[in-house]
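**Q** Coordinates in target_13.cif, mmCIF, C-alpha atoms, are listed below.
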data_target
#
loop_
_atom_site.group_PDB
_atom_site.id
_atom_site.type_symbol
_atom_site.label_atom_id
_atom_site.label_comp_id
_atom_site.auth_asym_id
_atom_site.auth_seq_id
_atom_site.Cartn_x
_atom_site.Cartn_y
_atom_site.Cartn_z
ATOM 1 C CA MET Y 1 65.968 8.395 0.936
ATOM 2 C CA SER Y 2 66.125 5.803 3.625
ATOM 3 C CA ARG Y 3 64.293 2.546 3.442
ATOM 4 C CA SER Y 4 61.776 3.567 6.166
ATOM 5 C CA ASN Y 5 60.948 6.807 4.319
ATOM 6 C CA LYS Y 6 60.290 4.848 1.130
ATOM 7 C CA ALA Y 7 57.875 2.543 2.969
ATOM 8 C CA ALA Y 8 56.134 5.436 4.744
ATOM 9 C CA TYR Y 9 55.535 7.398 1.534
ATOM 10 C CA PRO Y 10 52.964 4.975 -0.027
ATOM 11 C CA ARG Y 11 51.141 4.739 3.311
ATOM 12 C CA LEU Y 12 50.984 8.532 3.563
ATOM 13 C CA GLN Y 13 49.817 8.766 -0.044
ATOM 14 C CA LYS Y 14 47.107 6.137 0.570
ATOM 15 C CA ARG Y 15 45.991 7.913 3.741
ATOM 16 C CA LEU Y 16 45.813 11.262 1.955
ATOM 17 C CA GLU Y 17 43.884 9.630 -0.878
ATOM 18 C CA LEU Y 18 41.353 8.166 1.581
ATOM 19 C CA ILE Y 19 40.882 11.569 3.244
ATOM 20 C CA VAL Y 20 40.314 13.302 -0.100
ATOM 21 C CA GLU Y 21 37.892 10.576 -1.208
ATOM 22 C CA ALA Y 22 35.952 10.834 2.066
ATOM 23 C CA LEU Y 23 35.670 14.616 1.593
ATOM 24 C CA LEU Y 24 34.537 14.169 -2.000
ATOM 25 C CA TRP Y 25 31.935 11.618 -0.911
ATOM 26 C CA ARG Y 26 30.566 13.929 1.773
ATOM 27 C CA PHE Y 27 30.541 16.879 -0.640
ATOM 28 C CA ARG Y 28 27.703 15.170 -2.546
ATOM 29 C CA LEU Y 29 25.472 16.285 0.334
ATOM 30 C CA ILE Y 30 25.559 19.796 -1.165
ATOM 31 C CA ALA Y 31 22.878 18.371 -3.476
ATOM 32 C CA ILE Y 32 20.414 18.846 -0.618
ATOM 33 C CA VAL Y 33 20.218 22.531 -1.666
ATOM 34 C CA PRO Y 34 18.619 21.879 -5.097
ATOM 35 C CA VAL Y 35 16.457 19.136 -3.545
ATOM 36 C CA VAL Y 36 15.014 21.494 -0.930
ATOM 37 C CA MET Y 37 14.654 24.348 -3.438
ATOM 38 C CA SER Y 38 12.880 22.157 -6.010
ATOM 39 C CA LEU Y 39 10.482 20.870 -3.330
ATOM 40 C CA ALA Y 40 9.809 24.456 -2.197
ATOM 41 C CA SER Y 41 9.296 25.487 -5.833
ATOM 42 C CA SER Y 42 6.925 22.558 -6.286
ATOM 43 C CA LEU Y 43 4.878 23.753 -3.334
ATOM 44 C CA LEU Y 44 4.828 27.256 -4.847
ATOM 45 C CA SER Y 45 3.720 25.868 -8.238
ATOM 46 C CA PHE Y 46 0.871 23.960 -6.577
ATOM 47 C CA ALA Y 47 -0.183 27.119 -4.716
ATOM 48 C CA ILE Y 48 -0.153 29.213 -7.921
ATOM 49 C CA GLY Y 49 -2.105 26.519 -9.776
ATOM 50 C CA THR Y 50 -4.678 26.384 -6.993
ATOM 51 C CA LYS Y 51 -4.944 30.198 -7.033
ATOM 52 C CA ASP Y 52 -5.540 30.210 -10.804
ATOM 53 C CA ILE Y 53 -8.263 27.581 -10.580
ATOM 54 C CA TYR Y 54 -9.866 29.261 -7.560
ATOM 55 C CA HIS Y 55 -9.807 32.597 -9.442
ATOM 56 C CA SER Y 56 -11.527 30.979 -12.446
ATOM 57 C CA LEU Y 57 -14.168 29.416 -10.233
ATOM 58 C CA SER Y 58 -14.788 32.711 -8.455
ATOM 59 C CA ILE Y 59 -15.188 34.504 -11.802
ATOM 60 C CA PHE Y 60 -17.610 31.861 -13.024
ATOM 61 C CA PHE Y 61 -19.727 31.598 -9.882
ATOM 62 C CA GLY Y 62 -19.374 35.227 -8.757
ATOM 63 C CA ALA Y 63 -20.405 36.968 -11.945
ATOM 64 C CA ASN Y 64 -23.472 36.894 -14.057
ATOM 65 C CA VAL Y 65 -22.934 33.533 -15.750
ATOM 66 C CA TYR Y 66 -24.353 34.763 -19.045
ATOM 67 C CA HIS Y 67 -21.734 37.521 -19.332
ATOM 68 C CA VAL Y 68 -18.699 35.363 -18.558
ATOM 69 C CA LYS Y 69 -16.524 34.267 -21.448
ATOM 70 C CA GLU Y 70 -16.103 30.529 -21.036
ATOM 71 C CA SER Y 71 -12.723 30.652 -22.737
ATOM 72 C CA VAL Y 72 -11.384 32.985 -20.007
ATOM 73 C CA VAL Y 73 -12.595 30.672 -17.227
ATOM 74 C CA LEU Y 74 -11.331 27.577 -19.019
ATOM 75 C CA ALA Y 75 -7.950 29.229 -19.681
ATOM 76 C CA GLY Y 76 -7.596 29.862 -15.931
ATOM 77 C CA VAL Y 77 -8.365 26.222 -15.119
ATOM 78 C CA VAL Y 78 -5.925 24.974 -17.776
ATOM 79 C CA SER Y 79 -3.301 27.412 -16.445
ATOM 80 C CA GLY Y 80 -3.765 25.898 -12.983
ATOM 81 C CA ILE Y 81 -3.308 22.398 -14.394
ATOM 82 C CA ASP Y 82 -0.162 23.605 -16.159
ATOM 83 C CA PHE Y 83 1.258 24.843 -12.849
ATOM 84 C CA TYR Y 84 0.367 21.514 -11.225
ATOM 85 C CA LEU Y 85 2.315 19.676 -13.929
ATOM 86 C CA ILE Y 86 5.310 21.971 -13.417
ATOM 87 C CA GLY Y 87 5.031 21.214 -9.687
ATOM 88 C CA VAL Y 88 5.080 17.479 -10.440
ATOM 89 C CA ALA Y 89 8.184 17.955 -12.624
ATOM 90 C CA LEU Y 90 9.887 19.795 -9.754
ATOM 91 C CA LEU Y 91 8.933 16.978 -7.361
ATOM 92 C CA ILE Y 92 10.388 14.388 -9.716
ATOM 93 C CA PHE Y 93 13.564 16.443 -10.033
ATOM 94 C CA GLY Y 94 13.895 16.798 -6.252
ATOM 95 C CA TYR Y 95 13.263 13.116 -5.584
ATOM 96 C CA GLY Y 96 15.596 12.097 -8.395
ATOM 97 C CA MET Y 97 18.436 14.315 -7.178
ATOM 98 C CA TYR Y 98 17.974 12.966 -3.659
ATOM 99 C CA GLU Y 99 17.967 9.337 -4.794
ATOM 100 C CA LEU Y 100 20.889 9.722 -7.194
ATOM 101 C CA LEU Y 101 23.209 11.795 -5.031
ATOM 102 C CA ILE Y 102 22.238 11.449 -1.384
ATOM 103 C CA SER Y 103 20.304 8.297 -0.474
ATOM 104 C CA GLU Y 104 17.472 6.029 -1.592
ATOM 105 C CA LEU Y 105 14.021 6.937 -0.315
ATOM 106 C CA ASP Y 106 13.574 3.955 2.006
ATOM 107 C CA VAL Y 107 10.040 4.997 2.991
ATOM 108 C CA TYR Y 108 8.990 4.928 -0.652
ATOM 109 C CA ARG Y 109 10.654 1.571 -1.318
ATOM 110 C CA ASP Y 110 9.015 0.033 1.790
ATOM 111 C CA GLN Y 111 5.542 1.174 0.659
ATOM 112 C CA SER Y 112 5.950 0.161 -2.996
ATOM 113 C CA ASP Y 113 4.083 -2.899 -4.274
ATOM 114 C CA SER Y 114 6.829 -4.030 -6.640
ATOM 115 C CA PRO Y 115 10.128 -5.371 -5.304
ATOM 116 C CA ASP Y 116 12.257 -2.986 -7.393
ATOM 117 C CA GLY Y 117 10.353 0.170 -6.421
ATOM 118 C CA GLY Y 118 8.761 0.965 -9.761
ATOM 119 C CA GLY Y 119 6.535 3.892 -10.516
ATOM 120 C CA LEU Y 120 7.092 7.530 -11.280
ATOM 121 C CA LEU Y 121 9.518 8.137 -8.437
ATOM 122 C CA ASP Y 122 11.728 5.117 -9.052
ATOM 123 C CA ILE Y 123 14.820 6.835 -10.406
ATOM 124 C CA ARG Y 124 18.007 4.809 -10.585
ATOM 125 C CA SER Y 125 20.000 6.711 -13.192
ATOM 126 C CA LEU Y 126 20.387 10.160 -14.654
ATOM 127 C CA ASP Y 127 18.859 8.891 -17.904
ATOM 128 C CA GLN Y 128 15.714 7.754 -16.064
ATOM 129 C CA LEU Y 129 15.466 11.159 -14.374
ATOM 130 C CA LYS Y 130 15.791 12.940 -17.729
ATOM 131 C CA GLU Y 131 13.216 10.647 -19.348
ATOM 132 C CA LYS Y 132 10.635 11.198 -16.622
ATOM 133 C CA LEU Y 133 11.210 14.950 -16.561
ATOM 134 C CA VAL Y 134 10.929 15.216 -20.335
ATOM 135 C CA LYS Y 135 7.615 13.326 -20.319
ATOM 136 C CA VAL Y 136 6.086 15.570 -17.656
ATOM 137 C CA LEU Y 137 7.444 18.738 -19.252
ATOM 138 C CA VAL Y 138 6.135 17.765 -22.691
ATOM 139 C CA VAL Y 139 2.697 17.178 -21.161
ATOM 140 C CA ALA Y 140 2.968 20.615 -19.503
ATOM 141 C CA LEU Y 141 3.830 22.134 -22.891
ATOM 142 C CA ILE Y 142 0.873 20.332 -24.477
ATOM 143 C CA VAL Y 143 -1.412 21.775 -21.804
ATOM 144 C CA SER Y 144 0.133 25.213 -22.326
ATOM 145 C CA GLY Y 145 -0.425 24.901 -26.084
ATOM 146 C CA PHE Y 146 -4.014 23.849 -25.427
ATOM 147 C CA LYS Y 147 -4.463 26.938 -23.237
ATOM 148 C CA SER Y 148 -3.227 29.155 -26.063
ATOM 149 C CA MET Y 149 -5.541 27.456 -28.533
ATOM 150 C CA ILE Y 150 -8.585 28.069 -26.327
ATOM 151 C CA SER Y 151 -8.284 31.807 -26.806
ATOM 152 C CA LEU Y 152 -7.314 31.624 -30.481
ATOM 153 C CA PRO Y 153 -10.005 33.393 -32.497
ATOM 154 C CA ILE Y 154 -11.097 31.527 -35.608
ATOM 155 C CA GLU Y 155 -12.106 34.236 -38.050
ATOM 156 C CA ASN Y 156 -11.207 32.856 -41.467
ATOM 157 C CA GLY Y 157 -9.778 29.856 -43.276
ATOM 158 C CA ASP Y 158 -6.206 30.833 -42.441
ATOM 159 C CA SER Y 159 -6.865 30.892 -38.692
ATOM 160 C CA MET Y 160 -8.753 27.589 -39.001
ATOM 161 C CA ILE Y 161 -5.727 25.991 -40.681
ATOM 162 C CA LYS Y 162 -3.459 27.290 -37.892
ATOM 163 C CA PHE Y 163 -5.866 25.910 -35.293
ATOM 164 C CA CYS Y 164 -5.952 22.511 -37.014
ATOM 165 C CA LEU Y 165 -2.161 22.435 -37.258
ATOM 166 C CA GLY Y 166 -1.981 23.219 -33.551
ATOM 167 C CA VAL Y 167 -4.340 20.322 -32.767
ATOM 168 C CA LEU Y 168 -2.286 18.042 -35.004
ATOM 169 C CA LEU Y 169 0.968 19.030 -33.271
ATOM 170 C CA LEU Y 170 -0.595 18.440 -29.839
ATOM 171 C CA ALA Y 171 -1.815 15.008 -30.970
ATOM 172 C CA ILE Y 172 1.590 14.073 -32.389
ATOM 173 C CA SER Y 173 3.274 15.235 -29.168
ATOM 174 C CA GLY Y 174 0.895 13.139 -27.084
ATOM 175 C CA PHE Y 175 1.567 10.123 -29.270
ATOM 176 C CA LEU Y 176 5.344 10.537 -29.183
ATOM 177 C CA ILE Y 177 5.610 10.683 -25.383
ATOM 178 C CA THR Y 178 3.778 7.358 -25.081
ATOM 179 C CA PHE Y 179 5.322 5.660 -28.122
ATOM 180 C CA LYS Y 180 7.804 2.881 -27.393
ATOM 181 C CA PRO Y 181 9.739 1.714 -30.467
ATOM 182 C CA GLY Y 182 9.717 -2.036 -30.997
ATOM 183 C CA LYS Y 183 6.554 -2.608 -28.971
ATOM 184 C CA HIS Y 184 3.174 -3.039 -30.599
ATOM 185 C CA GLN Y 185 0.544 -0.643 -29.288
ATOM 186 C CA SER Y 186 -2.689 -2.410 -28.373
#
Can you turn what I pasted into structure tokens?
**A**
Amino acid sequence: MSRSNKAAYPRLQKRLELIVEALLWRFRLIAIVPVVMSLASSLLSFAIGTKDIYHSLSIFFGANVYHVKESVVLAGVVSGIDFYLIGVALLIFGYGMYELLISELDVYRDQSDSPDGGGLLDIRSLDQLKEKLVKVLVVALIVSGFKSMISLPIENGDSMIKFCLGVLLLAISGFLITFKPGKHQS
């Protein structure tokens, strides 16, 4: 190999490396697909939740109030709340994916009171995204468990024990999602 070929080879390699890196960097924009789909799914979850609550209200106010089972109406309202929480989880996921892979939400940062963003939508790492999603999803599961317990018939001591265990598990779950080790709760 001649001396000029040896000098040109590292430049060509560096140029090729820069092109590949630029393509890889732009490929992150494919993440817009799950962002848009999670936002659309969030909208759908809010619509389903609203439909469930509206249906419960129409049952309650449209029928003879004395013949309506309150547990059925309440289960519909709790189901709507559950869908709202799932919608919030999908929003958090969409915002988090956008912030982590595409760009910071400048509009959100400009409107935030704290200098570092803060709040539910301030997601700076994958661990923060997972933590926020887990908290919302656990609350959604608690609400779903509550919905199941509303319609649980208590007929004997055994069913009462199951009901009490369910309440205990919901309480422990609620405590664990707010518990911060090393900090004193006041």
**Q** Pull out every residue that the PyMOL selection byres ((chain Y and resi 103) around 12) matches in the shown coordinates and put them as a list in words.
**A**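 Residues picked by the PyMOL selection byres ((chain Y and resi 103) around 12): Arg26, Arg28, Leu29, Ala31, Ile32, Val35, Tyr95, Gly96, Met97, Tyr98, Glu99, Leu100, Leu101, Ile102, Glu104, Leu105, Asp106, Val107, Tyr108, Arg109, Ile123 and Arg124 of chain Y.
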**Q** Mind pulling up the distance from atom CA of Leu141 of chain Y to atom CA of Gly94 of chain Y?
**A**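 Calculated distance between atom CA of Gly94 of chain Y and atom CA of Leu141 of chain Y is 20.2 Å.
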**Q** Between Y:Met149, Y:Ile142, Y:Val68, Y:Leu176, single out the one closest to Phe163 of chain Y, counting only C-alpha atoms.
**A**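 Smallest distance to Phe163 of chain Y is found for Y:Met149.
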**Q** Taking all atoms of segment 164-176 of chain Y that the file lists and extending 6 Å past them on each side, where is the centre of the axis-aligned box and how long are its edges? Answer in Å to one decimal, as JSON.
**A**
{"center_x": -0.3, "center_y": 16.7, "center_z": -32.2, "size_x": 23.3, "size_y": 25.1, "size_z": 22.2}
**Q** Please provide as a list in words all residues within 10 Å of Ser148 of chain Y, with the sequence filter that same-chain residues fewer than 3 positions apart are discarded (counting all atoms listed in the file).
**A**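 Listing them by chain and then by number gives Ala75, Val78, Ser79, Ile142, Val143, Ser144, Gly145, Ser151, Leu152 and Gly166 of chain Y.
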**Q** Record the distance separating atom CA of Ser38 of chain Y and atom CA of Ile86 of chain Y, expressed in Å with one decimal.
**A** 10.6 Å
**Q** Could you check which of Y:Ile48, Y:Lys135, Y:Trp25, Y:Gly157 is closest to Phe175 of chain Y, using all atoms listed in the file?
**A**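 Looking at the shortest contact to Phe175 of chain Y, the residue is Y:Lys135.
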**Q** Between atom CA of Leu91 of chain Y and atom CA of Ser42 of chain Y, measure the distance and give it in Å to one decimal.
**A**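 Between these atoms lies a distance of 6.0 Å.
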**Q** Y:Leu169, Y:Lys132, Y:Asp122, Y:Ile19: which is nearest Phe146 of chain Y, counting only C-alpha atoms?
**A**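 Ranking Y:Leu169, Y:Lys132, Y:Asp122, Y:Ile19 by distance to Phe146 of chain Y, first place goes to Y:Leu169.
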**Q** Identify which of the residues Y:Val20, Y:Ile150, Y:Ala8, Y:Leu168 lies closest to Val77 of chain Y, counting all atoms listed in the file when measuring atom-to-atom distances.
**A** Y:Ile150
**Q** With all atoms listed in the file as the basis for distance, which of Y:Ile30, Y:Val138, Y:Ile81, Y:Val36 is at the shortest distance from Tyr54 of chain Y?
**A**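 Going through Y:Ile30, Y:Val138, Y:Ile81, Y:Val36 one by one, the smallest distance to Tyr54 of chain Y is for Y:Ile81.
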**Q** The PyMOL selection byres ((chain Y and resi 47) around 12) - which residues does that actually catch in the file I just gave you? List them as a ChimeraX atom specification.
**A** /Y:40-46,48-54,80-84,86-87
**Q** Measuring between only C-alpha atoms, which one of Y:Leu12, Y:Leu137, Y:Leu74, Y:Leu85 shows the shortest distance to Ile59 of chain Y?
**A**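 Checking each of Y:Leu12, Y:Leu137, Y:Leu74, Y:Leu85 against Ile59 of chain Y, counting only C-alpha atoms, the winner is Y:Leu74.
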**Q** What lies within 7 Å of Leu133 of chain Y using only C-alpha atoms, ignoring chain neighbours under 3 positions off, as a list in words?
**A**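 Skipping anything fewer than 3 positions along the chain leaves Ala89, Ile92, Leu129, Lys130, Val136 and Leu137 of chain Y.
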